[in-house]
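What follows is the content of input-v2.cif (mmCIF, C-alpha atoms).
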```cif
data_work
loop_
_atom_site.group_PDB
_atom_site.id
_atom_site.type_symbol
_atom_site.label_atom_id
_atom_site.label_comp_id
_atom_site.auth_asym_id
_atom_site.auth_seq_id
_atom_site.Cartn_x
_atom_site.Cartn_y
_atom_site.Cartn_z
ATOM 1 C CA MET A 1 39.038 -17.888 -30.336
ATOM 2 C CA LEU A 2 35.448 -18.098 -29.176
ATOM 3 C CA HIS A 3 32.928 -18.996 -31.882
ATOM 4 C CA GLY A 4 35.059 -17.383 -34.559
ATOM 5 C CA HIS A 5 35.744 -14.216 -32.564
ATOM 6 C CA THR A 6 39.039 -13.240 -31.105
ATOM 7 C CA VAL A 7 38.889 -12.582 -27.388
ATOM 8 C CA VAL A 8 40.842 -9.497 -26.429
ATOM 9 C CA PRO A 9 41.651 -9.257 -22.727
ATOM 10 C CA PHE A 10 40.546 -6.086 -20.951
ATOM 11 C CA ASP A 11 43.476 -3.808 -20.327
ATOM 12 C CA GLN A 12 43.356 -3.015 -16.614
ATOM 13 C CA SER A 13 46.121 -0.462 -16.879
ATOM 14 C CA ALA A 14 44.089 1.749 -19.215
ATOM 15 C CA ARG A 15 41.967 2.980 -16.319
ATOM 16 C CA SER A 16 42.670 3.042 -12.682
ATOM 17 C CA PRO A 17 39.733 1.953 -10.480
ATOM 18 C CA SER A 18 39.661 5.316 -8.747
ATOM 19 C CA SER A 19 39.060 7.226 -11.992
ATOM 20 C CA ASP A 20 36.405 4.900 -13.451
ATOM 21 C CA PRO A 21 33.073 6.783 -13.352
ATOM 22 C CA ASN A 22 31.112 3.549 -12.831
ATOM 23 C CA THR A 23 33.204 2.603 -9.816
ATOM 24 C CA ILE A 24 32.936 6.096 -8.328
ATOM 25 C CA GLY A 25 29.153 6.077 -8.800
ATOM 26 C CA LYS A 26 28.817 2.648 -7.216
ATOM 27 C CA GLN A 27 30.974 3.689 -4.261
ATOM 28 C CA LYS A 28 28.874 6.818 -3.681
ATOM 29 C CA MET A 29 25.649 4.848 -3.950
ATOM 30 C CA TYR A 30 26.976 2.258 -1.504
ATOM 31 C CA LYS A 31 27.871 5.002 0.981
ATOM 32 C CA VAL A 32 24.441 6.624 0.656
ATOM 33 C CA LEU A 33 22.665 3.275 1.131
ATOM 34 C CA LYS A 34 24.891 2.438 4.093
ATOM 35 C CA VAL A 35 24.032 5.753 5.784
ATOM 36 C CA LEU A 36 20.333 5.330 4.929
ATOM 37 C CA PHE A 37 20.148 1.795 6.326
ATOM 38 C CA ALA A 38 22.077 2.856 9.434
ATOM 39 C CA PHE A 39 19.495 5.621 9.933
ATOM 40 C CA VAL A 40 16.585 3.218 9.390
ATOM 41 C CA GLU A 41 17.960 0.601 11.769
ATOM 42 C CA GLN A 42 18.102 2.998 14.741
ATOM 43 C CA PRO A 43 15.231 2.267 17.140
ATOM 44 C CA LYS A 44 14.397 5.948 17.627
ATOM 45 C CA ASN A 45 13.725 6.282 13.884
ATOM 46 C CA LEU A 46 11.254 3.408 13.733
ATOM 47 C CA ILE A 47 8.229 5.586 14.502
ATOM 48 C CA THR A 48 9.443 8.198 11.992
ATOM 49 C CA ASN A 49 9.714 5.507 9.320
ATOM 50 C CA VAL A 50 6.283 4.105 10.136
ATOM 51 C CA MET A 51 4.656 7.539 10.009
ATOM 52 C CA GLY A 52 6.444 8.315 6.737
ATOM 53 C CA ILE A 53 5.252 5.091 5.127
ATOM 54 C CA PHE A 54 1.713 5.742 6.360
ATOM 55 C CA LEU A 55 1.627 9.304 5.019
ATOM 56 C CA ILE A 56 3.120 8.315 1.668
ATOM 57 C CA GLY A 57 0.543 5.529 1.296
ATOM 58 C CA VAL A 58 -2.341 7.875 2.094
ATOM 59 C CA ILE A 59 -1.089 10.721 -0.108
ATOM 60 C CA VAL A 60 -0.432 8.491 -3.138
ATOM 61 C CA ARG A 61 -3.824 6.783 -2.979
ATOM 62 C CA VAL A 62 -5.918 9.860 -2.161
ATOM 63 C CA THR A 63 -4.251 11.659 -5.061
ATOM 64 C CA MET A 64 -5.091 8.753 -7.359
ATOM 65 C CA ILE A 65 -8.677 8.697 -6.077
ATOM 66 C CA LEU A 66 -9.167 12.403 -6.694
ATOM 67 C CA VAL A 67 -7.362 12.535 -10.034
ATOM 68 C CA GLY A 68 -8.831 9.282 -11.334
ATOM 69 C CA GLY A 69 -12.358 9.987 -10.107
ATOM 70 C CA THR A 70 -12.863 6.403 -8.944
ATOM 71 C CA TYR A 71 -15.490 7.616 -6.478
ATOM 72 C CA SER A 72 -17.712 9.248 -9.121
ATOM 73 C CA ALA A 73 -19.635 6.055 -9.992
ATOM 74 C CA PRO A 74 -20.519 4.171 -6.780
ATOM 75 C CA ARG A 75 -20.824 0.417 -7.263
ATOM 76 C CA HIS A 76 -22.757 -1.609 -4.720
ATOM 77 C CA PHE A 77 -22.067 -5.322 -4.592
ATOM 78 C CA GLU A 78 -22.852 -7.880 -1.880
ATOM 79 C CA LEU A 79 -20.701 -6.250 0.789
ATOM 80 C CA GLU A 80 -22.158 -2.813 0.208
ATOM 81 C CA LEU A 81 -25.694 -4.197 0.012
ATOM 82 C CA VAL A 82 -25.300 -5.731 3.483
ATOM 83 C CA ALA A 83 -24.049 -2.364 4.777
ATOM 84 C CA ILE A 84 -26.965 -0.553 3.139
ATOM 85 C CA SER A 85 -29.379 -3.023 4.736
ATOM 86 C CA LEU A 86 -27.720 -2.410 8.113
ATOM 87 C CA SER A 87 -27.947 1.359 7.737
ATOM 88 C CA GLU A 88 -31.510 1.495 6.405
ATOM 89 C CA VAL A 89 -33.314 -1.489 7.959
ATOM 90 C CA GLY A 90 -30.989 -2.458 10.787
ATOM 91 C CA SER A 91 -30.581 -6.063 9.702
ATOM 92 C CA TYR A 92 -27.539 -7.980 8.560
ATOM 93 C CA ALA A 93 -29.249 -9.143 5.392
ATOM 94 C CA ASN A 94 -29.951 -8.739 1.693
ATOM 95 C CA ALA A 95 -26.467 -9.406 0.304
ATOM 96 C CA PHE A 96 -27.931 -10.544 -3.010
ATOM 97 C CA GLY A 97 -30.836 -8.147 -3.402
ATOM 98 C CA SER A 98 -33.536 -6.301 -1.499
ATOM 99 C CA SER A 99 -35.358 -9.421 -0.332
ATOM 100 C CA SER A 100 -32.708 -12.140 -0.196
ATOM 101 C CA GLY A 101 -32.886 -12.312 3.596
ATOM 102 C CA PRO A 102 -30.367 -12.695 6.435
ATOM 103 C CA THR A 103 -26.793 -13.557 5.553
ATOM 104 C CA ALA A 104 -23.557 -14.769 7.069
ATOM 105 C CA HIS A 105 -21.657 -14.020 3.881
ATOM 106 C CA PHE A 106 -19.190 -11.509 5.387
ATOM 107 C CA ALA A 107 -17.445 -10.934 8.679
ATOM 108 C CA PRO A 108 -19.350 -8.156 10.454
ATOM 109 C CA ILE A 109 -16.697 -5.501 11.203
ATOM 110 C CA TYR A 110 -16.289 -3.942 7.759
ATOM 111 C CA PRO A 111 -20.019 -3.880 6.878
ATOM 112 C CA ILE A 112 -20.690 -2.189 10.235
ATOM 113 C CA PHE A 113 -18.153 0.544 9.385
ATOM 114 C CA LEU A 114 -19.695 0.918 5.941
ATOM 115 C CA ALA A 115 -23.191 1.033 7.433
ATOM 116 C CA LEU A 116 -22.069 3.901 9.647
ATOM 117 C CA ILE A 117 -20.714 5.779 6.612
ATOM 118 C CA PHE A 118 -23.912 5.098 4.641
ATOM 119 C CA LYS A 119 -26.106 6.138 7.595
ATOM 120 C CA ILE A 120 -24.297 9.484 7.946
ATOM 121 C CA PHE A 121 -23.572 10.320 4.286
ATOM 122 C CA GLY A 122 -26.089 8.280 2.276
ATOM 123 C CA THR A 123 -25.159 5.977 -0.593
ATOM 124 C CA ASP A 124 -24.170 8.530 -3.209
ATOM 125 C CA VAL A 125 -20.874 9.944 -4.515
ATOM 126 C CA MET A 126 -19.887 11.609 -1.216
ATOM 127 C CA SER A 127 -20.190 8.367 0.729
ATOM 128 C CA GLU A 128 -18.179 6.568 -1.963
ATOM 129 C CA LEU A 129 -15.390 9.147 -1.638
ATOM 130 C CA ILE A 130 -15.401 8.808 2.147
ATOM 131 C CA ARG A 131 -15.412 5.005 1.880
ATOM 132 C CA GLN A 132 -12.438 5.035 -0.478
ATOM 133 C CA VAL A 133 -10.470 7.415 1.756
ATOM 134 C CA PHE A 134 -11.385 5.226 4.755
ATOM 135 C CA ASN A 135 -10.053 2.150 2.940
ATOM 136 C CA THR A 136 -6.940 4.087 1.927
ATOM 137 C CA VAL A 137 -6.177 4.782 5.577
ATOM 138 C CA PHE A 138 -6.428 1.077 6.435
ATOM 139 C CA ILE A 139 -4.265 -0.004 3.500
ATOM 140 C CA ALA A 140 -1.616 2.608 4.342
ATOM 141 C CA PHE A 141 -1.709 1.380 7.952
ATOM 142 C CA HIS A 142 -1.023 -2.176 6.731
ATOM 143 C CA TYR A 143 2.090 -1.044 4.872
ATOM 144 C CA ALA A 144 3.202 1.108 7.786
ATOM 145 C CA LEU A 145 3.202 -1.937 10.073
ATOM 146 C CA LEU A 146 5.708 -3.852 7.926
ATOM 147 C CA PRO A 147 8.779 -2.481 9.789
ATOM 148 C CA PHE A 148 7.296 -3.800 13.056
ATOM 149 C CA LEU A 149 6.631 -7.141 11.391
ATOM 150 C CA ALA A 150 10.225 -7.303 10.166
ATOM 151 C CA LYS A 151 11.472 -6.548 13.666
ATOM 152 C CA ALA A 152 9.179 -9.184 15.197
ATOM 153 C CA CYS A 153 10.490 -11.755 12.694
ATOM 154 C CA ARG A 154 14.068 -10.774 13.588
ATOM 155 C CA LEU A 155 14.710 -9.418 10.119
ATOM 156 C CA PRO A 156 16.457 -6.114 9.528
ATOM 157 C CA VAL A 157 14.038 -3.249 10.071
ATOM 158 C CA SER A 158 15.300 -1.832 6.778
ATOM 159 C CA ALA A 159 13.685 -4.813 4.995
ATOM 160 C CA GLY A 160 10.322 -3.889 6.503
ATOM 161 C CA VAL A 161 10.838 -0.212 5.684
ATOM 162 C CA LEU A 162 11.723 -1.049 2.085
ATOM 163 C CA ALA A 163 8.719 -3.371 1.728
ATOM 164 C CA GLY A 164 6.435 -0.774 3.325
ATOM 165 C CA LEU A 165 7.715 1.999 1.072
ATOM 166 C CA LEU A 166 7.289 -0.118 -2.049
ATOM 167 C CA GLY A 167 3.740 -1.018 -1.058
ATOM 168 C CA ALA A 168 2.923 2.579 -0.168
ATOM 169 C CA ILE A 169 4.378 4.097 -3.331
ATOM 170 C CA LEU A 170 3.275 1.447 -5.837
ATOM 171 C CA PRO A 171 -0.428 0.599 -5.477
ATOM 172 C CA PHE A 172 -0.471 -2.622 -7.503
ATOM 173 C CA HIS A 173 -4.115 -3.421 -6.681
ATOM 174 C CA PHE A 174 -5.391 0.134 -6.446
ATOM 175 C CA LEU A 175 -9.080 -0.419 -7.194
ATOM 176 C CA SER A 176 -9.515 -3.382 -4.890
ATOM 177 C CA GLU A 177 -7.596 -1.489 -2.177
ATOM 178 C CA VAL A 178 -9.720 1.650 -2.268
ATOM 179 C CA ARG A 179 -13.042 -0.045 -2.951
ATOM 180 C CA GLY A 180 -12.492 -2.385 -0.027
ATOM 181 C CA GLN A 181 -13.783 -5.688 -1.337
ATOM 182 C CA GLU A 182 -10.425 -7.339 -0.638
ATOM 183 C CA SER A 183 -9.658 -5.298 2.468
ATOM 184 C CA ALA A 184 -8.439 -7.048 5.583
ATOM 185 C CA LEU A 185 -11.518 -5.789 7.390
ATOM 186 C CA ALA A 186 -13.801 -7.181 4.702
#
```
Target format structure tokens, applied to this file:
Amino acid sequence: MLHGHTVVPFDQSARSPSSDPNTIGKQKMYKVLKVLFAFVEQPKNLITNVMGIFLIGVIVRVTMILVGGTYSAPRHFELELVAISLSEVGSYANAFGSSSGPTAHFAPIYPIFLALIFKIFGTDVMSELIRQVFNTVFIAFHYALLPFLAKACRLPVSAGVLAGLLGAILPFHFLSEVRGQESALA
């Protein structure tokens, strides 16, 4: 008796393990995962995995950009204002407004890339779309490098592939990823 209930032992003879649908499903899943991980762990498939993760990351985010219309209302904060100043005036300045002066607020690489985009395409909706696709490529590249990181850390490559796929498929921080404020280049 357990808390007023009678405990009835499970009758093992009622089902044989080979006919239990749960056991059969688990065995099939285990075999599929074993084959998949064996495929992933082969060195010749590393580049294929990396390219797959990269393409999935780009496709998922570009689709979300286009469907969600996140590019349709450009927002210019400090980072973008520095890039606009670089593209229009040629100075690394004005992060807080048109006359706030020179700044050392951001590392220079990302604002230089943005300045190039703004110089070529302006600061309207088209440049925002190009900026978001540009950031998408960098984010997808980050996830695609996770198998190499796993290998360098002497972890199974499959761990890096799984982490890369999860990051590529599930954009947890979508807006900050595509807008670039939290980008590794920023």
Q: Return as a list in words the set of residues that the PyMOL selection byres ((chain A and resi 170) around 12) yields on the displayed structure.
A: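 Selected by the PyMOL selection byres ((chain A and resi 170) around 12) in this file: Ile53, Ile56, Gly57, Val58, Ile59, Val60, Arg61, Met64, Ala140, Tyr143, Leu162, Ala163, Gly164, Leu165, Leu166, Gly167, Ala168, Ile169, Pro171, Phe172, His173, Phe174 and Glu177 of chain A.
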**Q.** Contact residues around Phe106 in chain A with only C-alpha atoms at 9 Å, ignoring same-chain residues under 3 positions, as a list in words
**A.**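 The contact residues come out as Glu78, Leu79, Val82, Thr103, Ile109, Tyr110, Pro111 and Ala186 of chain A.
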Resulting file, chosen residues, C-alpha atoms, as an mmCIF file, in the coordinates of the input:
```cif
data_model
loop_
_atom_site.group_PDB
_atom_site.id
_atom_site.type_symbol
_atom_site.label_atom_id
_atom_site.label_comp_id
_atom_site.auth_asym_id
_atom_site.auth_seq_id
_atom_site.Cartn_x
_atom_site.Cartn_y
_atom_site.Cartn_z
ATOM 1 C CA GLU A 78 -22.852 -7.880 -1.880
ATOM 2 C CA LEU A 79 -20.701 -6.250 0.789
ATOM 3 C CA VAL A 82 -25.300 -5.731 3.483
ATOM 4 C CA THR A 103 -26.793 -13.557 5.553
ATOM 5 C CA ILE A 109 -16.697 -5.501 11.203
ATOM 6 C CA TYR A 110 -16.289 -3.942 7.759
ATOM 7 C CA PRO A 111 -20.019 -3.880 6.878
ATOM 8 C CA ALA A 186 -13.801 -7.181 4.702
#
```
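Closest approach to Ile139 in chain A among A:Thr70, A:Ser91, A:Asn45, A:Ser176 is made by A:Ser176 (distances from all atoms listed in the file).
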Q | Spatial neighbours of Ala83 in chain A, 8 Å, all atoms listed in the file, chain gap at least 4 places, as number ranges by chain | A | A: 79, 87, 92, 111-112, 114-115, 118
(Q) Which residue is closest to Met51 in chain A? Choose from A:Asp124, A:Ser85, A:His142, A:Ala104 and count only C-alpha atoms. (A) A:His142
Name the residues captured by the PyMOL selection byres ((chain A and resi 75) around 12) when it is applied to the shown file; answer as a compact mmCIF listing (two decimals) with C-alpha atoms, in the coordinates of the input.
```txt
# COMPACT_ATOMS: atom_id res chain seq x y z
CA THR A 70 -12.86 6.40 -8.94
CA TYR A 71 -15.49 7.62 -6.48
CA SER A 72 -17.71 9.25 -9.12
CA ALA A 73 -19.64 6.06 -9.99
CA PRO A 74 -20.52 4.17 -6.78
CA HIS A 76 -22.76 -1.61 -4.72
CA PHE A 77 -22.07 -5.32 -4.59
CA GLU A 78 -22.85 -7.88 -1.88
CA LEU A 79 -20.70 -6.25 0.79
CA GLU A 80 -22.16 -2.81 0.21
CA LEU A 81 -25.69 -4.20 0.01
CA THR A 123 -25.16 5.98 -0.59
CA ASP A 124 -24.17 8.53 -3.21
CA VAL A 125 -20.87 9.94 -4.51
CA SER A 127 -20.19 8.37 0.73
CA GLU A 128 -18.18 6.57 -1.96
CA LEU A 129 -15.39 9.15 -1.64
CA ARG A 131 -15.41 5.00 1.88
CA GLN A 132 -12.44 5.04 -0.48
CA LEU A 175 -9.08 -0.42 -7.19
CA ARG A 179 -13.04 -0.04 -2.95
CA GLY A 180 -12.49 -2.38 -0.03
CA GLN A 181 -13.78 -5.69 -1.34
```
(Q) Let me make sure I understand: among A:Ile65, A:Val89, A:Val178, A:Val50, which one has the smallest atom-to-atom distance to Val137 in chain A if we use all atoms listed in the file? (A)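 Among the listed residues, A:Val178 lies closest to Val137 in chain A.
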Q) Looking at all atoms listed in the file, which of A:Leu46, A:Leu55, A:Ile120, A:Ala107 is the one that sits closest to Val157 in chain A? A)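 Among A:Leu46, A:Leu55, A:Ile120, A:Ala107, it is A:Leu46 that comes nearest to Val157 in chain A.
Coordinates place CA of Leu145 in chain A at a distance of 28.3 Å from CA of His105 in chain A.
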Q.
Could you tell me how far CA of Lys34 in chain A sits from CA of Ser158 in chain A, in Å to one decimal place?
A. 10.8 Å
Q | Coordinates-based distance that separates CA of Thr23 in chain A from CA of Ala159 in chain A (Å, one decimal) | A |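 CA of Thr23 in chain A lies 25.6 Å from CA of Ala159 in chain A.
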Take range 143-167 of chain A, bring it up to N, CA and C atoms, and give me the output as an mmCIF file, in the coordinates of the input.
```cif
data_model
loop_
_atom_site.group_PDB
_atom_site.id
_atom_site.type_symbol
_atom_site.label_atom_id
_atom_site.label_comp_id
_atom_site.auth_asym_id
_atom_site.auth_seq_id
_atom_site.Cartn_x
_atom_site.Cartn_y
_atom_site.Cartn_z
ATOM 1 N N TYR A 143 0.711 -1.202 5.346
ATOM 2 C CA TYR A 143 2.090 -1.044 4.872
ATOM 3 C C TYR A 143 2.976 -0.435 5.948
ATOM 4 N N ALA A 144 2.418 0.455 6.734
ATOM 5 C CA ALA A 144 3.202 1.108 7.786
ATOM 6 C C ALA A 144 3.602 0.127 8.886
ATOM 7 N N LEU A 145 2.869 -0.945 9.047
ATOM 8 C CA LEU A 145 3.202 -1.937 10.073
ATOM 9 C C LEU A 145 4.300 -2.918 9.657
ATOM 10 N N LEU A 146 4.700 -2.899 8.396
ATOM 11 C CA LEU A 146 5.708 -3.852 7.926
ATOM 12 C C LEU A 146 7.065 -3.726 8.634
ATOM 13 N N PRO A 147 7.534 -2.526 9.005
ATOM 14 C CA PRO A 147 8.779 -2.481 9.789
ATOM 15 C C PRO A 147 8.653 -3.198 11.138
ATOM 16 N N PHE A 148 7.508 -3.077 11.796
ATOM 17 C CA PHE A 148 7.296 -3.800 13.056
ATOM 18 C C PHE A 148 7.267 -5.307 12.826
ATOM 19 N N LEU A 149 6.663 -5.726 11.721
ATOM 20 C CA LEU A 149 6.631 -7.141 11.391
ATOM 21 C C LEU A 149 8.042 -7.669 11.138
ATOM 22 N N ALA A 150 8.840 -6.895 10.417
ATOM 23 C CA ALA A 150 10.225 -7.303 10.166
ATOM 24 C C ALA A 150 10.990 -7.444 11.475
ATOM 25 N N LYS A 151 10.792 -6.495 12.367
ATOM 26 C CA LYS A 151 11.472 -6.548 13.666
ATOM 27 C C LYS A 151 11.007 -7.760 14.475
ATOM 28 N N ALA A 152 9.713 -8.035 14.458
ATOM 29 C CA ALA A 152 9.179 -9.184 15.197
ATOM 30 C C ALA A 152 9.689 -10.505 14.633
ATOM 31 N N CYS A 153 9.963 -10.542 13.332
ATOM 32 C CA CYS A 153 10.490 -11.755 12.694
ATOM 33 C C CYS A 153 12.015 -11.806 12.737
ATOM 34 N N ARG A 154 12.605 -10.875 13.453
ATOM 35 C CA ARG A 154 14.068 -10.774 13.588
ATOM 36 C C ARG A 154 14.769 -10.586 12.255
ATOM 37 N N LEU A 155 14.114 -9.844 11.378
ATOM 38 C CA LEU A 155 14.710 -9.418 10.119
ATOM 39 C C LEU A 155 15.213 -7.993 10.302
ATOM 40 N N PRO A 156 16.059 -7.518 9.423
ATOM 41 C CA PRO A 156 16.457 -6.114 9.528
ATOM 42 C C PRO A 156 15.236 -5.207 9.360
ATOM 43 N N VAL A 157 15.155 -4.191 10.172
ATOM 44 C CA VAL A 157 14.038 -3.249 10.071
ATOM 45 C C VAL A 157 14.031 -2.607 8.690
ATOM 46 N N SER A 158 15.210 -2.438 8.106
ATOM 47 C CA SER A 158 15.300 -1.832 6.778
ATOM 48 C C SER A 158 14.537 -2.664 5.737
ATOM 49 N N ALA A 159 14.465 -3.973 5.912
ATOM 50 C CA ALA A 159 13.685 -4.813 4.995
ATOM 51 C C ALA A 159 12.202 -4.468 5.097
ATOM 52 N N GLY A 160 11.716 -4.282 6.313
ATOM 53 C CA GLY A 160 10.322 -3.889 6.503
ATOM 54 C C GLY A 160 10.043 -2.498 5.986
ATOM 55 N N VAL A 161 11.005 -1.585 6.184
ATOM 56 C CA VAL A 161 10.838 -0.212 5.684
ATOM 57 C C VAL A 161 10.794 -0.226 4.161
ATOM 58 N N LEU A 162 11.698 -0.977 3.544
ATOM 59 C CA LEU A 162 11.723 -1.049 2.085
ATOM 60 C C LEU A 162 10.429 -1.653 1.556
ATOM 61 N N ALA A 163 9.972 -2.739 2.156
ATOM 62 C CA ALA A 163 8.719 -3.371 1.728
ATOM 63 C C ALA A 163 7.546 -2.421 1.925
ATOM 64 N N GLY A 164 7.512 -1.725 3.064
ATOM 65 C CA GLY A 164 6.435 -0.774 3.325
ATOM 66 C C GLY A 164 6.435 0.379 2.338
ATOM 67 N N LEU A 165 7.620 0.899 2.041
ATOM 68 C CA LEU A 165 7.715 1.999 1.072
ATOM 69 C C LEU A 165 7.270 1.556 -0.318
ATOM 70 N N LEU A 166 7.705 0.373 -0.733
ATOM 71 C CA LEU A 166 7.289 -0.118 -2.049
ATOM 72 C C LEU A 166 5.775 -0.287 -2.121
ATOM 73 N N GLY A 167 5.190 -0.857 -1.076
ATOM 74 C CA GLY A 167 3.740 -1.018 -1.058
ATOM 75 C C GLY A 167 3.013 0.316 -1.024
#
```
